[in-house]
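Containing compact mmCIF, C-alpha atoms: start.txt.
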```
# COMPACT_ATOMS: atom_id res chain seq x y z
CA MET A 328 -3.51 -39.77 -13.60
CA ALA A 329 -5.30 -38.65 -10.43
CA VAL A 330 -3.28 -36.51 -8.05
CA THR A 331 -3.10 -37.85 -4.51
CA SER A 332 -1.74 -36.34 -1.34
CA GLY A 333 -0.58 -39.67 0.05
CA HIS A 334 -2.90 -39.09 3.02
CA VAL A 335 -5.48 -41.87 2.68
CA LEU A 336 -8.41 -41.88 5.10
CA PRO A 337 -9.83 -45.04 6.73
CA CYS A 338 -12.71 -44.93 4.22
CA GLY A 339 -10.22 -45.17 1.34
CA CYS A 340 -10.56 -41.57 0.15
CA ASP A 341 -7.56 -39.31 -0.33
CA VAL A 342 -7.51 -35.81 1.20
CA GLU A 343 -7.20 -34.38 -2.31
CA GLN A 344 -10.49 -36.03 -3.30
CA VAL A 345 -12.19 -34.36 -0.34
CA TRP A 346 -10.71 -31.01 -1.45
CA GLU A 347 -11.99 -31.45 -4.98
CA ALA A 348 -15.47 -32.21 -3.65
CA ILE A 349 -15.50 -29.37 -1.12
CA GLY A 350 -18.07 -27.34 -3.03
CA LEU A 351 -20.53 -30.21 -3.45
CA SER A 352 -23.63 -30.19 -1.28
CA GLY A 353 -24.00 -33.96 -0.99
CA GLY A 354 -22.17 -37.17 -1.69
CA HIS A 355 -19.75 -39.34 0.23
CA ALA A 356 -17.56 -36.47 1.46
CA ARG A 357 -20.56 -35.07 3.39
CA SER A 358 -21.93 -38.33 4.78
CA CYS A 359 -18.66 -40.06 5.69
CA PRO A 360 -17.40 -39.00 9.15
CA HIS A 361 -13.73 -39.30 8.13
CA CYS A 362 -14.20 -37.16 5.03
CA ALA A 363 -16.45 -34.72 6.90
CA ALA A 364 -13.73 -34.11 9.51
CA VAL A 365 -11.11 -33.50 6.82
CA ARG A 366 -13.55 -31.25 4.98
CA GLU A 367 -13.93 -29.10 8.10
CA SER A 368 -10.13 -28.80 8.40
CA LEU A 369 -9.87 -27.84 4.73
CA LEU A 370 -12.52 -25.16 5.22
CA VAL A 371 -10.52 -23.71 8.12
CA LEU A 372 -7.40 -23.83 5.93
CA ARG A 373 -9.25 -22.09 3.12
CA ALA A 374 -10.39 -19.27 5.40
CA ALA A 375 -6.91 -18.83 6.89
CA THR A 376 -5.40 -18.84 3.38
CA ALA A 377 -7.75 -16.05 2.31
CA GLU A 378 -6.67 -14.07 5.36
CA LEU A 379 -3.01 -14.69 4.53
CA ALA A 380 -3.60 -13.45 0.98
CA ARG A 381 -5.21 -10.28 2.37
CA ASP A 382 -2.10 -9.55 4.45
CA GLN A 383 -0.41 -6.75 2.53
CA ALA A 384 2.91 -6.67 4.41
CA GLU A 385 5.10 -4.00 2.85
CA PRO A 386 8.88 -3.94 2.61
CA SER A 387 10.77 -1.18 4.37
CA SER A 388 10.47 2.23 2.77
CA GLY A 389 14.13 2.24 1.72
CA LEU A 390 13.97 -0.87 -0.47
CA VAL A 391 13.25 0.96 -3.73
CA SER A 392 16.14 3.36 -3.02
CA ARG A 393 18.51 0.48 -2.39
CA VAL A 394 17.46 -1.31 -5.57
CA MET A 395 17.74 1.83 -7.66
CA SER A 396 21.11 2.80 -6.15
CA ALA A 397 22.42 -0.60 -7.21
CA VAL A 398 20.89 -0.19 -10.67
CA ARG A 399 22.37 3.30 -11.09
CA ALA A 400 25.76 2.02 -9.95
CA GLU A 401 25.50 -0.58 -12.74
CA VAL A 402 24.61 2.13 -15.22
CA ARG A 403 27.56 4.26 -14.16
CA ARG A 404 29.95 1.43 -14.85
CA SER A 405 31.54 1.95 -18.21
CA ASP A 406 30.97 -0.68 -20.84
CA VAL A 407 33.64 -1.47 -23.38
CA LEU A 408 32.16 -1.47 -26.88
CA PRO A 409 33.66 -2.58 -30.16
CA SER A 410 34.63 0.48 -32.18
CA PRO A 411 34.96 0.54 -35.98
CA GLY A 412 38.68 0.32 -36.71
CA ASP A 413 39.89 2.29 -33.67
CA GLY A 414 40.14 -0.52 -31.14
CA PRO A 415 37.82 -0.80 -28.14
CA ALA A 416 35.74 2.22 -27.14
CA ARG A 417 34.25 3.01 -23.77
CA MET A 418 30.79 4.53 -23.49
CA SER A 419 29.91 6.43 -20.35
CA MET A 420 26.33 5.87 -19.25
CA ARG A 421 26.66 8.40 -16.44
CA ALA A 422 24.66 11.02 -18.29
CA VAL A 423 21.72 8.63 -18.63
CA ALA A 424 21.71 7.93 -14.92
CA MET A 425 21.91 11.60 -14.02
CA ALA A 426 19.05 12.46 -16.34
CA GLY A 427 16.99 9.74 -14.62
CA ASP A 428 17.77 11.28 -11.27
CA VAL A 429 16.40 14.70 -12.17
CA GLY A 430 13.39 13.50 -14.13
CA GLU A 431 14.51 14.69 -17.56
CA ASP A 432 13.83 12.71 -20.69
CA PRO A 433 16.67 10.16 -20.71
CA MET A 434 16.32 9.79 -24.48
CA CYS A 435 17.77 13.30 -24.85
CA VAL A 436 21.12 12.97 -23.14
CA ARG A 437 24.54 13.23 -24.60
CA LEU A 438 26.44 10.00 -25.03
CA VAL A 439 30.13 10.35 -24.26
CA VAL A 440 32.23 7.76 -26.06
CA THR A 441 35.95 7.53 -25.45
CA ASP A 442 38.68 5.09 -26.29
CA VAL A 443 40.15 3.00 -23.51
CA ASP A 444 42.61 5.80 -22.70
CA GLY A 445 39.80 8.28 -22.19
CA ARG A 446 40.22 10.16 -25.50
CA SER A 447 36.90 11.30 -26.91
CA LEU A 448 35.70 9.52 -30.05
CA ASP A 449 33.68 12.41 -31.44
CA HIS A 450 32.38 10.50 -34.46
CA LEU A 451 30.52 8.13 -32.13
CA ASN A 452 29.17 10.73 -29.75
CA GLY A 453 25.65 12.00 -30.07
CA THR A 454 22.64 13.44 -28.31
CA MET B 1006 8.18 10.97 -17.76
CA GLY B 1007 5.91 12.06 -14.93
CA VAL B 1008 4.61 9.78 -12.21
CA ALA B 1009 1.04 9.86 -13.55
CA GLU B 1010 2.21 8.95 -17.03
CA ALA B 1011 4.35 6.08 -15.73
CA VAL B 1012 1.51 4.71 -13.60
CA ALA B 1013 -0.68 4.55 -16.70
CA LEU B 1014 1.94 2.76 -18.80
CA ASP B 1015 1.79 -1.00 -19.13
CA ASP B 1016 4.65 -3.33 -18.25
CA ALA B 1017 5.69 -3.87 -21.85
CA THR B 1018 6.20 -0.15 -22.44
CA LEU B 1019 8.11 0.35 -19.21
CA VAL B 1020 10.27 -2.71 -19.94
CA ALA B 1021 11.05 -1.47 -23.46
CA ARG B 1022 12.02 1.95 -22.12
CA SER B 1023 14.11 0.37 -19.36
CA ARG B 1024 15.96 -1.72 -21.90
CA GLU B 1025 16.89 1.51 -23.69
CA GLY B 1026 18.50 2.71 -20.48
CA ASP B 1027 15.58 4.64 -18.99
CA VAL B 1028 16.26 4.22 -15.26
CA ARG B 1029 13.10 6.14 -14.35
CA ALA B 1030 10.96 3.66 -16.24
CA TYR B 1031 12.64 0.81 -14.40
CA GLU B 1032 12.07 2.51 -11.06
CA HIS B 1033 8.34 2.51 -11.81
CA LEU B 1034 8.47 -1.24 -12.45
CA VAL B 1035 10.30 -1.71 -9.14
CA ARG B 1036 7.67 0.37 -7.32
CA ARG B 1037 4.86 -1.51 -9.04
CA TYR B 1038 6.09 -5.00 -8.11
CA GLN B 1039 8.28 -4.71 -5.03
CA GLY B 1040 5.25 -5.35 -2.77
CA PRO B 1041 4.02 -8.61 -4.37
CA MET B 1042 7.58 -9.94 -4.73
CA TYR B 1043 8.40 -9.03 -1.13
CA ARG B 1044 5.27 -10.79 0.15
CA LEU B 1045 6.03 -13.86 -1.97
CA ALA B 1046 9.59 -13.97 -0.62
CA LEU B 1047 8.40 -13.36 2.93
CA ARG B 1048 5.98 -16.28 2.72
CA ILE B 1049 8.61 -18.63 1.31
CA VAL B 1050 11.77 -17.68 3.24
CA GLY B 1051 9.99 -16.45 6.38
CA GLY B 1052 12.21 -13.56 7.49
CA SER B 1053 11.75 -9.94 6.41
CA GLY B 1054 15.51 -9.30 6.11
CA ASP B 1055 16.05 -12.27 3.82
CA ALA B 1056 12.90 -11.36 1.86
CA GLU B 1057 14.19 -7.83 1.19
CA ASP B 1058 17.59 -9.19 0.15
CA VAL B 1059 15.84 -11.53 -2.28
CA VAL B 1060 13.80 -8.69 -3.79
CA GLN B 1061 16.87 -6.49 -4.16
CA ASP B 1062 18.81 -9.27 -5.92
CA VAL B 1063 15.86 -10.11 -8.17
CA PHE B 1064 15.36 -6.55 -9.42
CA LEU B 1065 19.08 -5.95 -9.93
CA THR B 1066 19.43 -9.22 -11.85
CA ALA B 1067 16.32 -8.42 -13.88
CA TRP B 1068 17.83 -5.05 -14.85
CA ARG B 1069 21.02 -6.78 -16.02
CA ARG B 1070 19.06 -9.34 -18.04
CA LEU B 1071 16.40 -7.13 -19.63
CA GLY B 1072 18.05 -7.81 -22.98
CA GLN B 1073 17.25 -11.51 -22.61
CA LEU B 1074 13.52 -10.96 -22.10
CA HIS B 1075 11.92 -11.70 -25.46
CA ASP B 1076 8.36 -10.80 -24.51
CA ASP B 1077 8.20 -7.44 -22.73
CA GLY B 1078 4.70 -8.25 -21.45
CA ALA B 1079 6.03 -11.33 -19.65
CA PHE B 1080 7.99 -9.30 -17.11
CA LEU B 1081 5.77 -10.17 -14.14
CA GLY B 1082 5.95 -13.92 -14.79
CA TRP B 1083 9.70 -13.54 -15.08
CA LEU B 1084 9.80 -11.79 -11.69
CA TYR B 1085 7.76 -14.57 -10.07
CA ARG B 1086 10.14 -17.22 -11.44
CA SER B 1087 13.22 -15.30 -10.44
CA THR B 1088 11.93 -14.53 -6.93
CA THR B 1089 10.94 -18.17 -6.36
CA ASN B 1090 14.33 -19.41 -7.51
CA GLN B 1091 16.18 -16.90 -5.38
CA CYS B 1092 14.08 -17.89 -2.32
CA LEU B 1093 14.86 -21.57 -2.86
CA ASN B 1094 18.57 -20.70 -3.15
CA VAL B 1095 18.41 -18.81 0.16
CA LEU B 1096 16.71 -21.76 1.84
CA ARG B 1097 19.28 -24.20 0.42
CA LYS B 1098 22.09 -22.14 1.93
CA ARG B 1099 20.35 -21.64 5.24
CA LYS B 1100 21.63 -23.81 8.08
CA PRO B 1101 19.21 -26.20 9.77
CA HIS B 1102 17.41 -24.51 12.68
CA ALA B 1103 18.40 -21.10 11.34
CA ASP B 1104 14.72 -20.23 10.92
CA THR B 1105 14.13 -19.78 14.62
CA ASP B 1106 14.08 -16.01 14.22
CA LEU B 1107 11.44 -15.93 11.51
CA ASP B 1108 9.38 -12.83 11.94
CA GLU B 1109 6.62 -13.02 9.40
CA HIS B 1110 3.92 -13.03 12.04
CA GLU B 1111 4.90 -9.73 13.53
CA SER B 1112 1.46 -8.29 14.14
CA PRO B 1113 1.27 -6.73 17.58
CA ALA B 1114 -2.09 -7.50 19.10
CA PRO B 1115 -4.22 -4.58 20.22
CA ARG B 1116 -5.87 -5.26 23.57
CA THR B 1117 -9.44 -4.76 22.48
CA ARG B 1118 -9.78 -6.96 19.43
CA PRO B 1119 -13.06 -8.73 18.82
CA GLU B 1120 -13.03 -12.42 19.66
CA ARG B 1121 -13.39 -13.46 16.01
CA GLU B 1122 -10.32 -11.41 15.05
CA VAL B 1123 -8.30 -12.93 17.87
CA GLU B 1124 -9.25 -16.39 16.65
CA MET B 1125 -8.40 -15.58 13.04
CA ASN B 1126 -5.01 -14.23 14.05
CA ALA B 1127 -4.36 -17.39 16.02
CA GLN B 1128 -5.32 -19.42 12.94
CA LEU B 1129 -2.99 -17.34 10.79
CA ASP B 1130 -0.14 -17.97 13.22
CA ALA B 1131 -0.94 -21.68 13.11
CA LEU B 1132 -0.95 -21.62 9.30
CA ARG B 1133 2.40 -19.79 9.17
CA ALA B 1134 3.90 -22.29 11.60
CA ALA B 1135 2.54 -25.18 9.52
CA LEU B 1136 3.98 -23.63 6.35
CA ARG B 1137 7.42 -23.75 7.93
CA GLY B 1138 6.93 -27.50 8.36
CA LEU B 1139 6.63 -28.04 4.59
CA THR B 1140 9.62 -28.66 2.36
CA PRO B 1141 10.81 -25.47 0.59
CA GLN B 1142 9.49 -26.73 -2.75
CA GLN B 1143 6.09 -27.69 -1.31
CA ARG B 1144 5.88 -24.29 0.38
CA ALA B 1145 6.82 -22.46 -2.82
CA CYS B 1146 4.22 -24.42 -4.82
CA TRP B 1147 1.49 -23.82 -2.27
CA VAL B 1148 2.20 -20.10 -1.80
CA LEU B 1149 2.43 -19.45 -5.55
CA ARG B 1150 -0.83 -21.28 -6.23
CA GLU B 1151 -3.04 -20.63 -3.23
CA VAL B 1152 -1.91 -17.15 -2.17
CA HIS B 1153 -0.60 -15.59 -5.39
CA GLY B 1154 -2.93 -17.40 -7.80
CA ARG B 1155 -0.26 -18.41 -10.32
CA SER B 1156 -1.03 -21.11 -12.89
CA TYR B 1157 0.29 -24.68 -12.65
CA ASP B 1158 2.26 -24.03 -15.82
CA GLU B 1159 3.96 -20.94 -14.36
CA ILE B 1160 4.72 -22.74 -11.09
CA ALA B 1161 6.18 -25.73 -12.91
CA GLU B 1162 8.47 -23.38 -14.84
CA ALA B 1163 9.44 -21.45 -11.70
CA ILE B 1164 10.31 -24.60 -9.77
CA GLY B 1165 11.82 -26.37 -12.75
CA THR B 1166 9.54 -29.37 -12.76
CA THR B 1167 6.41 -30.76 -14.41
CA GLN B 1168 2.80 -29.68 -13.85
CA GLN B 1169 2.05 -33.16 -12.52
CA ALA B 1170 4.83 -32.85 -9.94
CA VAL B 1171 3.47 -29.42 -8.93
CA ARG B 1172 0.00 -30.89 -8.43
CA GLY B 1173 1.49 -33.68 -6.31
CA ARG B 1174 3.42 -31.26 -4.11
CA LEU B 1175 0.35 -29.07 -3.72
CA ALA B 1176 -1.77 -32.04 -2.68
CA ARG B 1177 0.77 -33.14 -0.07
CA ALA B 1178 1.14 -29.57 1.19
CA ARG B 1179 -2.64 -29.15 1.44
CA ALA B 1180 -3.06 -32.40 3.37
CA GLN B 1181 -0.30 -31.46 5.83
CA LEU B 1182 -1.67 -27.93 6.30
CA ALA B 1183 -5.24 -29.19 6.77
CA GLU B 1184 -4.00 -31.55 9.47
CA ALA B 1185 -2.30 -28.64 11.22
CA MET B 1186 -5.53 -26.64 11.09
CA ALA B 1187 -7.68 -29.50 12.49
CA PRO B 1188 -7.72 -28.11 16.07
CA TRP B 1189 -9.55 -25.02 14.75
CA ARG B 1190 -12.45 -26.78 13.11
```
Please rewrite the model in this file as structure tokens.
Amino acid sequence: MAVTSGHVLPCGCDVEQVWEAIGLSGGHARSCPHCAAVRESLLVLRAATAELARDQAEPSSGLVSRVMSAVRAEVRRSDVLPSPGDGPARMSMRAVAMAGDVGEDPMCVRLVVTDVDGRSLDHLNGT
Amino acid sequence: MGVAEAVALDDATLVARSREGDVRAYEHLVRRYQGPMYRLALRIVGGSGDAEDVVQDVFLTAWRRLGQLHDDGAFLGWLYRSTTNQCLNVLRKRKPHADTDLDEHESPAPRTRPEREVEMNAQLDALRAALRGLTPQQRACWVLREVHGRSYDEIAEAIGTTQQAVRGRLARARAQLAEAMAPWR
């Protein structure tokens, strides 16, 4: 099914047909005055669109910091994990966030796992 | 992980490391894509403050949902979808006439610009004004396709509609924008 813009010209052509034929050197879209006028408008639109795409507006310099502060706040939140036989355990992700802050390898941080009362579950802890 | 190493890593690697809790890796993804997502949001919602809020929400939500991303290499497409959706949500909540303070065209004009540049800036202003006259969904379709070069399939998924509907909205948007640009031909 052909796509139409709903904007039909007096000659019966749709604006979308003129757009699809914009690269052609001849044909109705070039000889018909209605289509030729629309074609000129579409060419102006195309040039302005290219200019818009070249516009590299940047966000404020603090955006990354704000995003990462929110992410690190998420990381610092403790997550309750199921623990084998001992009831729920709580794993602190704070060490991971701190390692990220100072540029260390976050794969080599100590995990601190406690029960919900804050008692360390040493058998689950690791580095 | 140093900056140079992170810059060389592809999205899939950075996503996989982020999912393991590597905040540094995620920060590199944020730095890599905050610009394109900000510009997309700016072009759809119009105001820089709203656009930054959208980007912040998108990256925080993406961090929370990294576990749901099945294809680590699809992160960018995921960001485009999420940013588009968030923009449309912002526009839905926005009161009518609340876009009077849109500031996308904040480009102070130097006094000695060549005539051609002056004309192009005037055309850009006209295009931005015409974009505000489209429906939010038409605007999102047009910006994603014509400015950000996304595929019809991706746009359909981002908007939650069919490719045929995307093509229809694009055609109507193009016709309306071309009409707005007619005085410049």
Pairwise distance, atom CA of A:Val394 with atom CA of B:Gln1061, equals 5.4 Å
Nearest residue to chain A from the set B:Ala1185, B:Ala1021, B:Cys1092, B:Val1152 (distances using only C-alpha atoms)
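The shortest atom-to-atom distance to chain A comes from B:Val1152.
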Using all atoms listed in the file, which residues sit within 12 Å of A:Trp346 once same-chain residues fewer than 2 positions away are excluded, as a tab-separated table (two decimals) with C-alpha atoms, in the frame of the given file?
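Saved the output as around_11.tsv:
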```tsv
chain	number	residue	atom	x	y	z
A	330	VAL	CA	-3.28	-36.51	-8.05
A	331	THR	CA	-3.10	-37.85	-4.51
A	332	SER	CA	-1.74	-36.34	-1.34
A	340	CYS	CA	-10.56	-41.57	0.15
A	341	ASP	CA	-7.56	-39.31	-0.33
A	342	VAL	CA	-7.51	-35.81	1.20
A	343	GLU	CA	-7.20	-34.38	-2.31
A	344	GLN	CA	-10.49	-36.03	-3.30
A	348	ALA	CA	-15.47	-32.21	-3.65
A	349	ILE	CA	-15.50	-29.37	-1.12
A	350	GLY	CA	-18.07	-27.34	-3.03
A	351	LEU	CA	-20.53	-30.21	-3.45
A	356	ALA	CA	-17.56	-36.47	1.46
A	357	ARG	CA	-20.56	-35.07	3.39
A	362	CYS	CA	-14.20	-37.16	5.03
A	363	ALA	CA	-16.45	-34.72	6.90
A	364	ALA	CA	-13.73	-34.11	9.51
A	365	VAL	CA	-11.11	-33.50	6.82
A	366	ARG	CA	-13.55	-31.25	4.98
A	367	GLU	CA	-13.93	-29.10	8.10
A	368	SER	CA	-10.13	-28.80	8.40
A	369	LEU	CA	-9.87	-27.84	4.73
A	370	LEU	CA	-12.52	-25.16	5.22
A	372	LEU	CA	-7.40	-23.83	5.93
A	373	ARG	CA	-9.25	-22.09	3.12
B	1175	LEU	CA	0.35	-29.07	-3.72
B	1176	ALA	CA	-1.77	-32.04	-2.68
B	1177	ARG	CA	0.77	-33.14	-0.07
B	1179	ARG	CA	-2.64	-29.15	1.44
B	1180	ALA	CA	-3.06	-32.40	3.37
B	1183	ALA	CA	-5.24	-29.19	6.77
```
Using all atoms listed in the file, what table do you get, as JSON lines, when you list each residue of chain B with an atom no more than 8 Å from chain A, its nearest pair of atoms, and their distance in Å rounded to one decimal, rows by chain then rising number?
```
{"residue": "B:Met1006", "atom": "CA", "partner": "A:Asp432", "partner_atom": "CA", "distance": 6.6}
{"residue": "B:Gly1007", "atom": "CA", "partner": "A:Gly430", "partner_atom": "CA", "distance": 7.7}
{"residue": "B:Gly1026", "atom": "CA", "partner": "A:Val423", "partner_atom": "CA", "distance": 7.0}
{"residue": "B:Asp1027", "atom": "CA", "partner": "A:Pro433", "partner_atom": "CA", "distance": 5.9}
{"residue": "B:Val1028", "atom": "CA", "partner": "A:Gly427", "partner_atom": "CA", "distance": 5.6}
{"residue": "B:Arg1029", "atom": "CA", "partner": "A:Gly427", "partner_atom": "CA", "distance": 5.3}
{"residue": "B:Glu1032", "atom": "CA", "partner": "A:Met395", "partner_atom": "CA", "distance": 6.6}
{"residue": "B:Val1035", "atom": "CA", "partner": "A:Val391", "partner_atom": "CA", "distance": 6.7}
{"residue": "B:Arg1036", "atom": "CA", "partner": "A:Val391", "partner_atom": "CA", "distance": 6.7}
{"residue": "B:Gln1039", "atom": "CA", "partner": "A:Val391", "partner_atom": "CA", "distance": 7.7}
{"residue": "B:Gly1040", "atom": "CA", "partner": "A:Glu385", "partner_atom": "CA", "distance": 5.8}
{"residue": "B:Tyr1043", "atom": "CA", "partner": "A:Pro386", "partner_atom": "CA", "distance": 6.3}
{"residue": "B:Arg1044", "atom": "CA", "partner": "A:Ala384", "partner_atom": "CA", "distance": 6.4}
{"residue": "B:Ser1053", "atom": "CA", "partner": "A:Pro386", "partner_atom": "CA", "distance": 7.7}
{"residue": "B:Glu1057", "atom": "CA", "partner": "A:Pro386", "partner_atom": "CA", "distance": 6.7}
{"residue": "B:Gln1061", "atom": "CA", "partner": "A:Val394", "partner_atom": "CA", "distance": 5.4}
{"residue": "B:Phe1064", "atom": "CA", "partner": "A:Val394", "partner_atom": "CA", "distance": 6.8}
{"residue": "B:Leu1065", "atom": "CA", "partner": "A:Val398", "partner_atom": "CA", "distance": 6.1}
{"residue": "B:Trp1068", "atom": "CA", "partner": "A:Val398", "partner_atom": "CA", "distance": 7.1}
{"residue": "B:Met1125", "atom": "CA", "partner": "A:Ala375", "partner_atom": "CA", "distance": 7.1}
{"residue": "B:Gln1128", "atom": "CA", "partner": "A:Ala375", "partner_atom": "CA", "distance": 6.3}
{"residue": "B:Leu1129", "atom": "CA", "partner": "A:Ala375", "partner_atom": "CA", "distance": 5.7}
{"residue": "B:Leu1132", "atom": "CA", "partner": "A:Ala375", "partner_atom": "CA", "distance": 7.0}
{"residue": "B:Glu1151", "atom": "CA", "partner": "A:Thr376", "partner_atom": "CA", "distance": 7.2}
{"residue": "B:Val1152", "atom": "CA", "partner": "A:Ala380", "partner_atom": "CA", "distance": 5.1}
{"residue": "B:His1153", "atom": "CA", "partner": "A:Ala380", "partner_atom": "CA", "distance": 7.4}
{"residue": "B:Gln1169", "atom": "CA", "partner": "A:Val330", "partner_atom": "CA", "distance": 7.7}
{"residue": "B:Arg1172", "atom": "CA", "partner": "A:Val330", "partner_atom": "CA", "distance": 6.5}
{"residue": "B:Gly1173", "atom": "CA", "partner": "A:Val330", "partner_atom": "CA", "distance": 5.8}
{"residue": "B:Arg1174", "atom": "CA", "partner": "A:Ser332", "partner_atom": "CA", "distance": 7.8}
{"residue": "B:Leu1175", "atom": "CA", "partner": "A:Ser332", "partner_atom": "CA", "distance": 7.9}
{"residue": "B:Ala1176", "atom": "CA", "partner": "A:Ser332", "partner_atom": "CA", "distance": 4.5}
{"residue": "B:Arg1177", "atom": "CA", "partner": "A:Ser332", "partner_atom": "CA", "distance": 4.3}
{"residue": "B:Ala1178", "atom": "CA", "partner": "A:Ser332", "partner_atom": "CA", "distance": 7.8}
{"residue": "B:Arg1179", "atom": "CA", "partner": "A:Ser332", "partner_atom": "CA", "distance": 7.8}
{"residue": "B:Ala1180", "atom": "CA", "partner": "A:Val342", "partner_atom": "CA", "distance": 6.0}
{"residue": "B:Leu1182", "atom": "CA", "partner": "A:Leu372", "partner_atom": "CA", "distance": 7.1}
{"residue": "B:Ala1183", "atom": "CA", "partner": "A:Ser368", "partner_atom": "CA", "distance": 5.2}
{"residue": "B:Glu1184", "atom": "CA", "partner": "A:Ser368", "partner_atom": "CA", "distance": 6.8}
{"residue": "B:Met1186", "atom": "CA", "partner": "A:Ser368", "partner_atom": "CA", "distance": 5.7}
{"residue": "B:Ala1187", "atom": "CA", "partner": "A:Ser368", "partner_atom": "CA", "distance": 4.8}
{"residue": "B:Trp1189", "atom": "CA", "partner": "A:Val371", "partner_atom": "CA", "distance": 6.8}
{"residue": "B:Arg1190", "atom": "CA", "partner": "A:Ser368", "partner_atom": "CA", "distance": 5.6}
```
Near-B:Arg1144 list (9 Å; only C-alpha atoms; drop same-chain fewer than 4 positions) as a list in words
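Contacts, in chain order: Arg1048, Ile1049, Leu1136, Arg1137, Gly1138, Leu1139, Thr1140, Val1148, Leu1149, Arg1174, Leu1175 and Ala1178 of chain B.
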- Item | Distance in Å - atom CA of B:Tyr1085 versus atom CA of B:Arg1022 |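 Computing it gives 20.9 Å between the two atoms.
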Could you please give me, as a count of residues only, the residues of protein, DNA or RNA lying at most 12 Å from (7.3, -1.6, -21.5) in the coordinate frame of the file, considering only C-alpha atoms?
-> 29
